[in-house]
>>> print(open('start-v8.pdb').read())   # PDB, C-alpha atoms
MODEL        1
ATOM      1  CA  MET M   1     -21.858 213.730 -39.396  1.00  0.00           C
ATOM      2  CA  SER M   2     -19.435 211.504 -41.239  1.00  0.00           C
ATOM      3  CA  ARG M   3     -18.695 212.339 -44.864  1.00  0.00           C
ATOM      4  CA  VAL M   4     -18.048 208.692 -45.677  1.00  0.00           C
ATOM      5  CA  GLY M   5     -21.122 207.534 -43.756  1.00  0.00           C
ATOM      6  CA  LYS M   6     -23.472 209.835 -45.690  1.00  0.00           C
ATOM      7  CA  LYS M   7     -22.635 208.286 -49.074  1.00  0.00           C
ATOM      8  CA  PRO M   8     -25.244 205.794 -50.303  1.00  0.00           C
ATOM      9  CA  ILE M   9     -24.105 202.326 -51.347  1.00  0.00           C
ATOM     10  CA  LYS M  10     -25.318 201.042 -54.715  1.00  0.00           C
ATOM     11  CA  ILE M  11     -26.766 197.509 -54.591  1.00  0.00           C
ATOM     12  CA  PRO M  12     -25.778 195.496 -57.694  1.00  0.00           C
ATOM     13  CA  SER M  13     -28.304 193.176 -59.315  1.00  0.00           C
ATOM     14  CA  GLY M  14     -28.477 189.743 -57.695  1.00  0.00           C
ATOM     15  CA  VAL M  15     -27.581 191.022 -54.211  1.00  0.00           C
ATOM     16  CA  LYS M  16     -30.088 190.881 -51.351  1.00  0.00           C
ATOM     17  CA  VAL M  17     -29.720 193.093 -48.275  1.00  0.00           C
ATOM     18  CA  ALA M  18     -31.735 192.230 -45.157  1.00  0.00           C
ATOM     19  CA  TYR M  19     -31.525 194.313 -41.975  1.00  0.00           C
ATOM     20  CA  ASN M  20     -32.919 193.042 -38.698  1.00  0.00           C
ATOM     21  CA  SER M  21     -31.577 195.417 -36.050  1.00  0.00           C
ATOM     22  CA  PRO M  22     -28.657 195.148 -35.176  1.00  0.00           C
ATOM     23  CA  THR M  23     -27.718 192.455 -37.740  1.00  0.00           C
ATOM     24  CA  VAL M  24     -27.260 193.042 -41.460  1.00  0.00           C
ATOM     25  CA  GLU M  25     -27.283 190.044 -43.812  1.00  0.00           C
ATOM     26  CA  ILE M  26     -26.065 190.345 -47.396  1.00  0.00           C
ATOM     27  CA  SER M  27     -26.200 187.507 -49.903  1.00  0.00           C
ATOM     28  CA  GLY M  28     -25.010 187.292 -53.491  1.00  0.00           C
ATOM     29  CA  LYS M  29     -23.535 184.921 -56.050  1.00  0.00           C
ATOM     30  CA  VAL M  30     -20.212 184.417 -54.178  1.00  0.00           C
ATOM     31  CA  GLY M  31     -21.662 183.843 -50.714  1.00  0.00           C
ATOM     32  CA  LYS M  32     -23.637 185.098 -47.750  1.00  0.00           C
ATOM     33  CA  LEU M  33     -22.248 187.413 -45.047  1.00  0.00           C
ATOM     34  CA  MET M  34     -23.630 188.581 -41.709  1.00  0.00           C
ATOM     35  CA  LYS M  35     -22.406 191.418 -39.494  1.00  0.00           C
ATOM     36  CA  THR M  36     -23.672 192.826 -36.205  1.00  0.00           C
ATOM     37  CA  LEU M  37     -23.598 196.621 -36.278  1.00  0.00           C
ATOM     38  CA  PRO M  38     -23.492 198.932 -33.246  1.00  0.00           C
ATOM     39  CA  THR M  39     -26.934 199.790 -31.832  1.00  0.00           C
ATOM     40  CA  SER M  40     -26.447 203.490 -32.630  1.00  0.00           C
ATOM     41  CA  ILE M  41     -26.142 202.695 -36.365  1.00  0.00           C
ATOM     42  CA  GLY M  42     -29.081 201.745 -38.588  1.00  0.00           C
ATOM     43  CA  ILE M  43     -29.557 200.775 -42.214  1.00  0.00           C
ATOM     44  CA  GLU M  44     -32.271 201.861 -44.631  1.00  0.00           C
ATOM     45  CA  VAL M  45     -32.751 200.138 -47.987  1.00  0.00           C
ATOM     46  CA  LYS M  46     -34.274 202.509 -50.540  1.00  0.00           C
ATOM     47  CA  GLY M  47     -34.694 201.038 -54.007  1.00  0.00           C
ATOM     48  CA  ASP M  48     -31.261 199.931 -55.192  1.00  0.00           C
ATOM     49  CA  GLU M  49     -29.334 201.892 -52.544  1.00  0.00           C
ATOM     50  CA  VAL M  50     -28.349 201.285 -48.939  1.00  0.00           C
ATOM     51  CA  HIS M  51     -28.145 204.244 -46.575  1.00  0.00           C
ATOM     52  CA  VAL M  52     -26.266 203.905 -43.284  1.00  0.00           C
ATOM     53  CA  VAL M  53     -27.942 206.109 -40.669  1.00  0.00           C
ATOM     54  CA  ASN M  54     -26.475 207.469 -37.436  1.00  0.00           C
ATOM     55  CA  ARG M  55     -29.261 207.296 -34.827  1.00  0.00           C
ATOM     56  CA  SER M  56     -27.252 208.965 -32.071  1.00  0.00           C
ATOM     57  CA  GLY M  57     -25.340 212.232 -31.901  1.00  0.00           C
ATOM     58  CA  ASN M  58     -22.482 211.297 -29.574  1.00  0.00           C
ATOM     59  CA  ASP M  59     -18.842 211.273 -30.675  1.00  0.00           C
ATOM     60  CA  GLN M  60     -18.426 207.492 -30.621  1.00  0.00           C
ATOM     61  CA  ALA M  61     -21.462 207.009 -32.881  1.00  0.00           C
ATOM     62  CA  LYS M  62     -20.046 209.590 -35.303  1.00  0.00           C
ATOM     63  CA  SER M  63     -16.806 207.648 -35.599  1.00  0.00           C
ATOM     64  CA  LEU M  64     -18.662 204.339 -36.028  1.00  0.00           C
ATOM     65  CA  HIS M  65     -20.877 205.792 -38.779  1.00  0.00           C
ATOM     66  CA  GLY M  66     -18.197 205.866 -41.484  1.00  0.00           C
ATOM     67  CA  LEU M  67     -16.729 202.547 -40.333  1.00  0.00           C
ATOM     68  CA  SER M  68     -20.106 200.819 -40.529  1.00  0.00           C
ATOM     69  CA  ARG M  69     -20.729 202.186 -44.021  1.00  0.00           C
ATOM     70  CA  THR M  70     -17.336 200.896 -45.192  1.00  0.00           C
ATOM     71  CA  LEU M  71     -17.962 197.476 -43.639  1.00  0.00           C
ATOM     72  CA  VAL M  72     -21.335 197.163 -45.409  1.00  0.00           C
ATOM     73  CA  SER M  73     -19.745 198.312 -48.686  1.00  0.00           C
ATOM     74  CA  ASN M  74     -16.995 195.690 -48.317  1.00  0.00           C
ATOM     75  CA  MET M  75     -19.626 193.032 -47.656  1.00  0.00           C
ATOM     76  CA  ILE M  76     -21.493 193.948 -50.855  1.00  0.00           C
ATOM     77  CA  THR M  77     -18.252 193.862 -52.866  1.00  0.00           C
ATOM     78  CA  GLY M  78     -17.373 190.527 -51.256  1.00  0.00           C
ATOM     79  CA  VAL M  79     -20.612 188.773 -52.192  1.00  0.00           C
ATOM     80  CA  THR M  80     -20.498 190.072 -55.778  1.00  0.00           C
ATOM     81  CA  GLU M  81     -16.802 189.811 -56.762  1.00  0.00           C
ATOM     82  CA  GLY M  82     -14.987 188.327 -53.767  1.00  0.00           C
ATOM     83  CA  TYR M  83     -11.522 189.194 -52.515  1.00  0.00           C
ATOM     84  CA  LYS M  84      -8.145 187.536 -52.983  1.00  0.00           C
ATOM     85  CA  LYS M  85      -4.697 187.673 -51.384  1.00  0.00           C
ATOM     86  CA  ASP M  86      -1.541 186.341 -53.004  1.00  0.00           C
ATOM     87  CA  LEU M  87       1.369 184.951 -51.002  1.00  0.00           C
ATOM     88  CA  GLU M  88       4.630 183.405 -52.136  1.00  0.00           C
ATOM     89  CA  LEU M  89       7.121 181.014 -50.576  1.00  0.00           C
ATOM     90  CA  GLN M  90      10.750 182.084 -50.776  1.00  0.00           C
ATOM     91  CA  GLY M  91      13.457 179.545 -49.970  1.00  0.00           C
ATOM     92  CA  VAL M  92      15.143 176.392 -51.239  1.00  0.00           C
ATOM     93  CA  GLY M  93      12.811 173.413 -50.873  1.00  0.00           C
ATOM     94  CA  TYR M  94       9.843 175.514 -49.739  1.00  0.00           C
ATOM     95  CA  ARG M  95       6.643 174.279 -51.373  1.00  0.00           C
ATOM     96  CA  ALA M  96       2.925 174.057 -50.715  1.00  0.00           C
ATOM     97  CA  GLN M  97      -0.067 172.075 -51.893  1.00  0.00           C
ATOM     98  CA  ALA M  98      -3.772 172.599 -51.311  1.00  0.00           C
ATOM     99  CA  ALA M  99      -6.082 169.696 -50.572  1.00  0.00           C
ATOM    100  CA  GLY M 100      -9.687 170.561 -49.737  1.00  0.00           C
ATOM    101  CA  SER M 101      -9.826 172.882 -46.746  1.00  0.00           C
ATOM    102  CA  LYS M 102      -6.205 172.262 -45.788  1.00  0.00           C
ATOM    103  CA  LEU M 103      -2.889 173.685 -46.948  1.00  0.00           C
ATOM    104  CA  THR M 104       0.188 171.470 -46.519  1.00  0.00           C
ATOM    105  CA  MET M 105       3.566 173.202 -46.673  1.00  0.00           C
ATOM    106  CA  GLN M 106       7.242 172.235 -46.522  1.00  0.00           C
ATOM    107  CA  LEU M 107       8.944 175.221 -44.866  1.00  0.00           C
ATOM    108  CA  GLY M 108      12.331 173.941 -43.775  1.00  0.00           C
ATOM    109  CA  PHE M 109      11.050 172.386 -40.556  1.00  0.00           C
ATOM    110  CA  SER M 110      11.587 168.703 -39.796  1.00  0.00           C
ATOM    111  CA  HIS M 111       7.903 168.059 -40.502  1.00  0.00           C
ATOM    112  CA  PRO M 112       5.320 169.332 -43.001  1.00  0.00           C
ATOM    113  CA  VAL M 113       3.075 172.101 -41.686  1.00  0.00           C
ATOM    114  CA  GLU M 114      -0.682 171.600 -42.110  1.00  0.00           C
ATOM    115  CA  PHE M 115      -2.682 174.820 -42.094  1.00  0.00           C
ATOM    116  CA  PRO M 116      -6.481 174.406 -41.819  1.00  0.00           C
ATOM    117  CA  LEU M 117      -8.452 176.976 -43.812  1.00  0.00           C
ATOM    118  CA  PRO M 118     -11.554 178.507 -42.206  1.00  0.00           C
ATOM    119  CA  THR M 119     -14.935 178.010 -43.875  1.00  0.00           C
ATOM    120  CA  GLY M 120     -15.457 180.568 -46.608  1.00  0.00           C
ATOM    121  CA  ILE M 121     -11.765 180.723 -47.579  1.00  0.00           C
ATOM    122  CA  SER M 122     -10.330 178.649 -50.430  1.00  0.00           C
ATOM    123  CA  ALA M 123      -6.706 178.256 -51.499  1.00  0.00           C
ATOM    124  CA  THR M 124      -5.024 177.413 -54.781  1.00  0.00           C
ATOM    125  CA  VAL M 125      -1.317 176.788 -55.308  1.00  0.00           C
ATOM    126  CA  ASP M 126       0.525 177.613 -58.544  1.00  0.00           C
ATOM    127  CA  ALA M 127       4.051 176.359 -59.299  1.00  0.00           C
ATOM    128  CA  ASN M 128       4.315 174.951 -55.734  1.00  0.00           C
ATOM    129  CA  THR M 129       5.315 178.375 -54.361  1.00  0.00           C
ATOM    130  CA  LYS M 130       2.479 180.802 -55.133  1.00  0.00           C
ATOM    131  CA  ILE M 131      -0.555 180.619 -52.819  1.00  0.00           C
ATOM    132  CA  THR M 132      -3.783 182.418 -53.710  1.00  0.00           C
ATOM    133  CA  LEU M 133      -6.404 182.788 -50.985  1.00  0.00           C
ATOM    134  CA  LYS M 134      -9.960 183.693 -52.042  1.00  0.00           C
ATOM    135  CA  GLY M 135     -13.087 184.509 -50.089  1.00  0.00           C
ATOM    136  CA  ALA M 136     -16.073 186.807 -49.724  1.00  0.00           C
ATOM    137  CA  ASP M 137     -15.231 188.112 -46.228  1.00  0.00           C
ATOM    138  CA  LYS M 138     -12.429 190.677 -46.481  1.00  0.00           C
ATOM    139  CA  GLU M 139     -11.710 190.658 -42.746  1.00  0.00           C
ATOM    140  CA  LEU M 140     -11.462 186.855 -42.499  1.00  0.00           C
ATOM    141  CA  LEU M 141      -9.315 186.716 -45.644  1.00  0.00           C
ATOM    142  CA  GLY M 142      -6.790 189.231 -44.287  1.00  0.00           C
ATOM    143  CA  LEU M 143      -6.699 187.458 -40.929  1.00  0.00           C
ATOM    144  CA  THR M 144      -6.098 184.072 -42.596  1.00  0.00           C
ATOM    145  CA  ALA M 145      -3.311 185.497 -44.778  1.00  0.00           C
ATOM    146  CA  ALA M 146      -1.647 187.060 -41.714  1.00  0.00           C
ATOM    147  CA  LYS M 147      -1.843 183.787 -39.759  1.00  0.00           C
ATOM    148  CA  LEU M 148      -0.407 181.897 -42.736  1.00  0.00           C
ATOM    149  CA  ARG M 149       2.472 184.382 -43.039  1.00  0.00           C
ATOM    150  CA  LYS M 150       3.128 184.055 -39.292  1.00  0.00           C
ATOM    151  CA  VAL M 151       3.907 180.327 -39.702  1.00  0.00           C
ATOM    152  CA  ARG M 152       7.241 181.270 -41.321  1.00  0.00           C
ATOM    153  CA  PRO M 153       7.717 185.056 -41.644  1.00  0.00           C
ATOM    154  CA  PRO M 154      10.509 186.280 -43.929  1.00  0.00           C
ATOM    155  CA  GLU M 155      13.795 186.304 -42.051  1.00  0.00           C
ATOM    156  CA  PRO M 156      15.946 189.444 -42.342  1.00  0.00           C
ATOM    157  CA  TYR M 157      19.221 187.943 -43.623  1.00  0.00           C
ATOM    158  CA  LYS M 158      18.252 185.840 -46.648  1.00  0.00           C
ATOM    159  CA  GLY M 159      14.555 186.722 -46.978  1.00  0.00           C
ATOM    160  CA  LYS M 160      13.405 183.096 -46.712  1.00  0.00           C
ATOM    161  CA  GLY M 161       9.816 182.543 -45.595  1.00  0.00           C
ATOM    162  CA  ILE M 162       6.204 183.312 -46.545  1.00  0.00           C
ATOM    163  CA  ARG M 163       5.570 186.802 -47.864  1.00  0.00           C
ATOM    164  CA  TYR M 164       2.846 188.735 -49.634  1.00  0.00           C
ATOM    165  CA  VAL M 165       3.356 189.129 -53.386  1.00  0.00           C
ATOM    166  CA  GLY M 166       5.046 192.476 -53.942  1.00  0.00           C
ATOM    167  CA  GLU M 167       6.188 192.801 -50.317  1.00  0.00           C
ATOM    168  CA  VAL M 168       9.670 194.277 -50.041  1.00  0.00           C
ATOM    169  CA  ILE M 169      11.892 192.764 -47.353  1.00  0.00           C
ATOM    170  CA  THR M 170      14.850 194.923 -46.313  1.00  0.00           C
ATOM    171  CA  LEU M 171      17.745 192.533 -45.833  1.00  0.00           C
ATOM    172  CA  LYS M 172      20.311 193.053 -43.089  1.00  0.00           C
ATOM    173  CA  GLN M 173      24.000 192.796 -43.756  1.00  0.00           C
ATOM    174  CA  GLY M 174      25.593 189.751 -42.142  1.00  0.00           C
ATOM    175  CA  LYS M 175      28.757 189.706 -40.073  1.00  0.00           C
ATOM    176  CA  THR M 176      31.995 190.283 -41.948  1.00  0.00           C
ATOM    177  CA  ALA M 177      35.057 188.168 -41.179  1.00  0.00           C
ATOM    178  CA  GLY M 178      38.398 189.755 -40.290  1.00  0.00           C
ATOM    179  CA  SER M 179      37.187 193.112 -39.049  1.00  0.00           C
ATOM    180  CA  GLY M 180      40.283 193.422 -36.814  1.00  0.00           C
ATOM    181  CA  GLY M 181      38.500 194.536 -33.679  1.00  0.00           C
ATOM    182  CA  GLY M 182      40.757 192.611 -31.248  1.00  0.00           C
ATOM    183  CA  LYS M 183      43.904 194.879 -31.161  1.00  0.00           C
TER     184      LYS M 183
ENDMDL
END
>>> encode(input="start-v8.pdb", output="structure tokens")
Amino acid sequence: MSRVGKKPIKIPSGVKVAYNSPTVEISGKVGKLMKTLPTSIGIEVKGDEVHVVNRSGNDQAKSLHGLSRTLVSNMITGVTEGYKKDLELQGVGYRAQAAGSKLTMQLGFSHPVEFPLPTGISATVDANTKITLKGADKELLGLTAAKLRKVRPPEPYKGKGIRYVGEVITLKQGKTAGSGGGK
């Protein structure tokens, strides 16, 4: 049995957990999330705790037990506090602005790049170069941040592009003139 899967999850006040096999629905002040769990995994709500139960004894169900517990825990954290990812634009003339469910960016291309945000994800821009993505769904937030970074990933020579805040880019050394390799 999974050590992680056996731990009960505390339900904060204002959070509702509904389980209709195989779907779990969690709602709170930030939003409402739904997830379909594997059929070998069940959920029991006892008072102010959620217990994730492994209904099968096979090896695959054992590995899914801890994963399912973590997913439900992340959902509860998401609907109470929410998650956020910070990105920054590095480069001369790189800037962004948020308008509704769309992010418009100048990234050195001949045209501005419009990035549509999925429902449940919001973006704010500070100082034209710092993008903050917020949402209740941790998986969707990480996926959106990765897709946004993929529009213009940091290049290895000058480090220009979209990067996560705190991400370290190892820069390559450029070519040196006059190395004398022709004699």
>>> resolve_selection(input="start-v8.pdb", expression="the PyMOL selection byres ((chain M and resi 8) around 8)", output="MDAnalysis selection string")
chainID M and resid 5:7 9:10 49:52
>>> closest_residue(input="start-v8.pdb", among="M:Glu81, M:Glu44, M:Glu114, M:Glu155", to="Gly31 in chain M", atoms="all atoms listed in the file")
M:Glu81
>>> residues_around(input="start-v8.pdb", residues="Lys138 in chain M", least_positions_apart="3", cutoff="12 Å", atoms="only C-alpha atoms", output="ChimeraX atom specification")
/M:33,70-79,81-85,120-121,133-135,141-145
>>> atom_distance(input="start-v8.pdb", atom1="CA of Leu117 in chain M", atom2="CA of Lys102 in chain M")
5.6 Å
>>> residues_around(input="start-v8.pdb", residues="range 148-150 of chain M", least_positions_apart="4", cutoff="9 Å", atoms="only C-alpha atoms", output="PyMOL selection string")
chain M and resi 87+115+143-144+154+161-164
>>> residues_around(input="start-v8.pdb", residues="range 105-111 of chain M", least_positions_apart="6", cutoff="12 Å", atoms="only C-alpha atoms", output="ChimeraX atom specification")
/M:88-99,125,128-131,148-154,160-162
>>> resolve_selection(input="start-v8.pdb", expression="the PyMOL selection byres ((chain M and resi 54) around 12)", output="PDB file with C-alpha atoms, keeping the file's coordinate frame")
ATOM      1  CA  MET M   1     -21.858 213.730 -39.396  1.00  0.00           C
ATOM      2  CA  SER M   2     -19.435 211.504 -41.239  1.00  0.00           C
ATOM      3  CA  ARG M   3     -18.695 212.339 -44.864  1.00  0.00           C
ATOM      4  CA  VAL M   4     -18.048 208.692 -45.677  1.00  0.00           C
ATOM      5  CA  GLY M   5     -21.122 207.534 -43.756  1.00  0.00           C
ATOM      6  CA  LYS M   6     -23.472 209.835 -45.690  1.00  0.00           C
ATOM      7  CA  LEU M  37     -23.598 196.621 -36.278  1.00  0.00           C
ATOM      8  CA  PRO M  38     -23.492 198.932 -33.246  1.00  0.00           C
ATOM      9  CA  THR M  39     -26.934 199.790 -31.832  1.00  0.00           C
ATOM     10  CA  SER M  40     -26.447 203.490 -32.630  1.00  0.00           C
ATOM     11  CA  ILE M  41     -26.142 202.695 -36.365  1.00  0.00           C
ATOM     12  CA  GLY M  42     -29.081 201.745 -38.588  1.00  0.00           C
ATOM     13  CA  ILE M  43     -29.557 200.775 -42.214  1.00  0.00           C
ATOM     14  CA  GLU M  44     -32.271 201.861 -44.631  1.00  0.00           C
ATOM     15  CA  HIS M  51     -28.145 204.244 -46.575  1.00  0.00           C
ATOM     16  CA  VAL M  52     -26.266 203.905 -43.284  1.00  0.00           C
ATOM     17  CA  VAL M  53     -27.942 206.109 -40.669  1.00  0.00           C
ATOM     18  CA  ARG M  55     -29.261 207.296 -34.827  1.00  0.00           C
ATOM     19  CA  SER M  56     -27.252 208.965 -32.071  1.00  0.00           C
ATOM     20  CA  GLY M  57     -25.340 212.232 -31.901  1.00  0.00           C
ATOM     21  CA  ASN M  58     -22.482 211.297 -29.574  1.00  0.00           C
ATOM     22  CA  ASP M  59     -18.842 211.273 -30.675  1.00  0.00           C
ATOM     23  CA  GLN M  60     -18.426 207.492 -30.621  1.00  0.00           C
ATOM     24  CA  ALA M  61     -21.462 207.009 -32.881  1.00  0.00           C
ATOM     25  CA  LYS M  62     -20.046 209.590 -35.303  1.00  0.00           C
ATOM     26  CA  SER M  63     -16.806 207.648 -35.599  1.00  0.00           C
ATOM     27  CA  LEU M  64     -18.662 204.339 -36.028  1.00  0.00           C
ATOM     28  CA  HIS M  65     -20.877 205.792 -38.779  1.00  0.00           C
ATOM     29  CA  GLY M  66     -18.197 205.866 -41.484  1.00  0.00           C
ATOM     30  CA  LEU M  67     -16.729 202.547 -40.333  1.00  0.00           C
ATOM     31  CA  SER M  68     -20.106 200.819 -40.529  1.00  0.00           C
ATOM     32  CA  ARG M  69     -20.729 202.186 -44.021  1.00  0.00           C
TER      33      ARG M  69
END
>>> resolve_selection(input="start-v8.pdb", expression="the PyMOL selection byres ((chain M and resi 12-20) around 8)", output="PyMOL selection string")
chain M and resi 10-11+21-29+43+45+48+76+79-80
>>> write_last_selection(input="start-v8.pdb", atoms="C-alpha atoms", output="CSV table (one decimal), in the coordinates of the input")
chain,number,residue,atom,x,y,z
M,10,LYS,CA,-25.3,201.0,-54.7
M,11,ILE,CA,-26.8,197.5,-54.6
M,21,SER,CA,-31.6,195.4,-36.0
M,22,PRO,CA,-28.7,195.1,-35.2
M,23,THR,CA,-27.7,192.5,-37.7
M,24,VAL,CA,-27.3,193.0,-41.5
M,25,GLU,CA,-27.3,190.0,-43.8
M,26,ILE,CA,-26.1,190.3,-47.4
M,27,SER,CA,-26.2,187.5,-49.9
M,28,GLY,CA,-25.0,187.3,-53.5
M,29,LYS,CA,-23.5,184.9,-56.0
M,43,ILE,CA,-29.6,200.8,-42.2
M,45,VAL,CA,-32.8,200.1,-48.0
M,48,ASP,CA,-31.3,199.9,-55.2
M,76,ILE,CA,-21.5,193.9,-50.9
M,79,VAL,CA,-20.6,188.8,-52.2
M,80,THR,CA,-20.5,190.1,-55.8
>>> atom_distance(input="start-v8.pdb", atom1="CA of Leu171 in chain M", atom2="CA of Gly159 in chain M")
6.7 Å
>>> atom_distance(input="start-v8.pdb", atom1="CA of Glu167 in chain M", atom2="CA of Leu140 in chain M")
20.2 Å
>>> axis_aligned_box(input="start-v8.pdb", around="range 82-85 of chain M", padding_each_side="6 Å", output="lines of an AutoDock Vina configuration file")
center_x = -9.8
center_y = 188.4
center_z = -52.6
size_x = 22.3
size_y = 13.7
size_z = 14.4
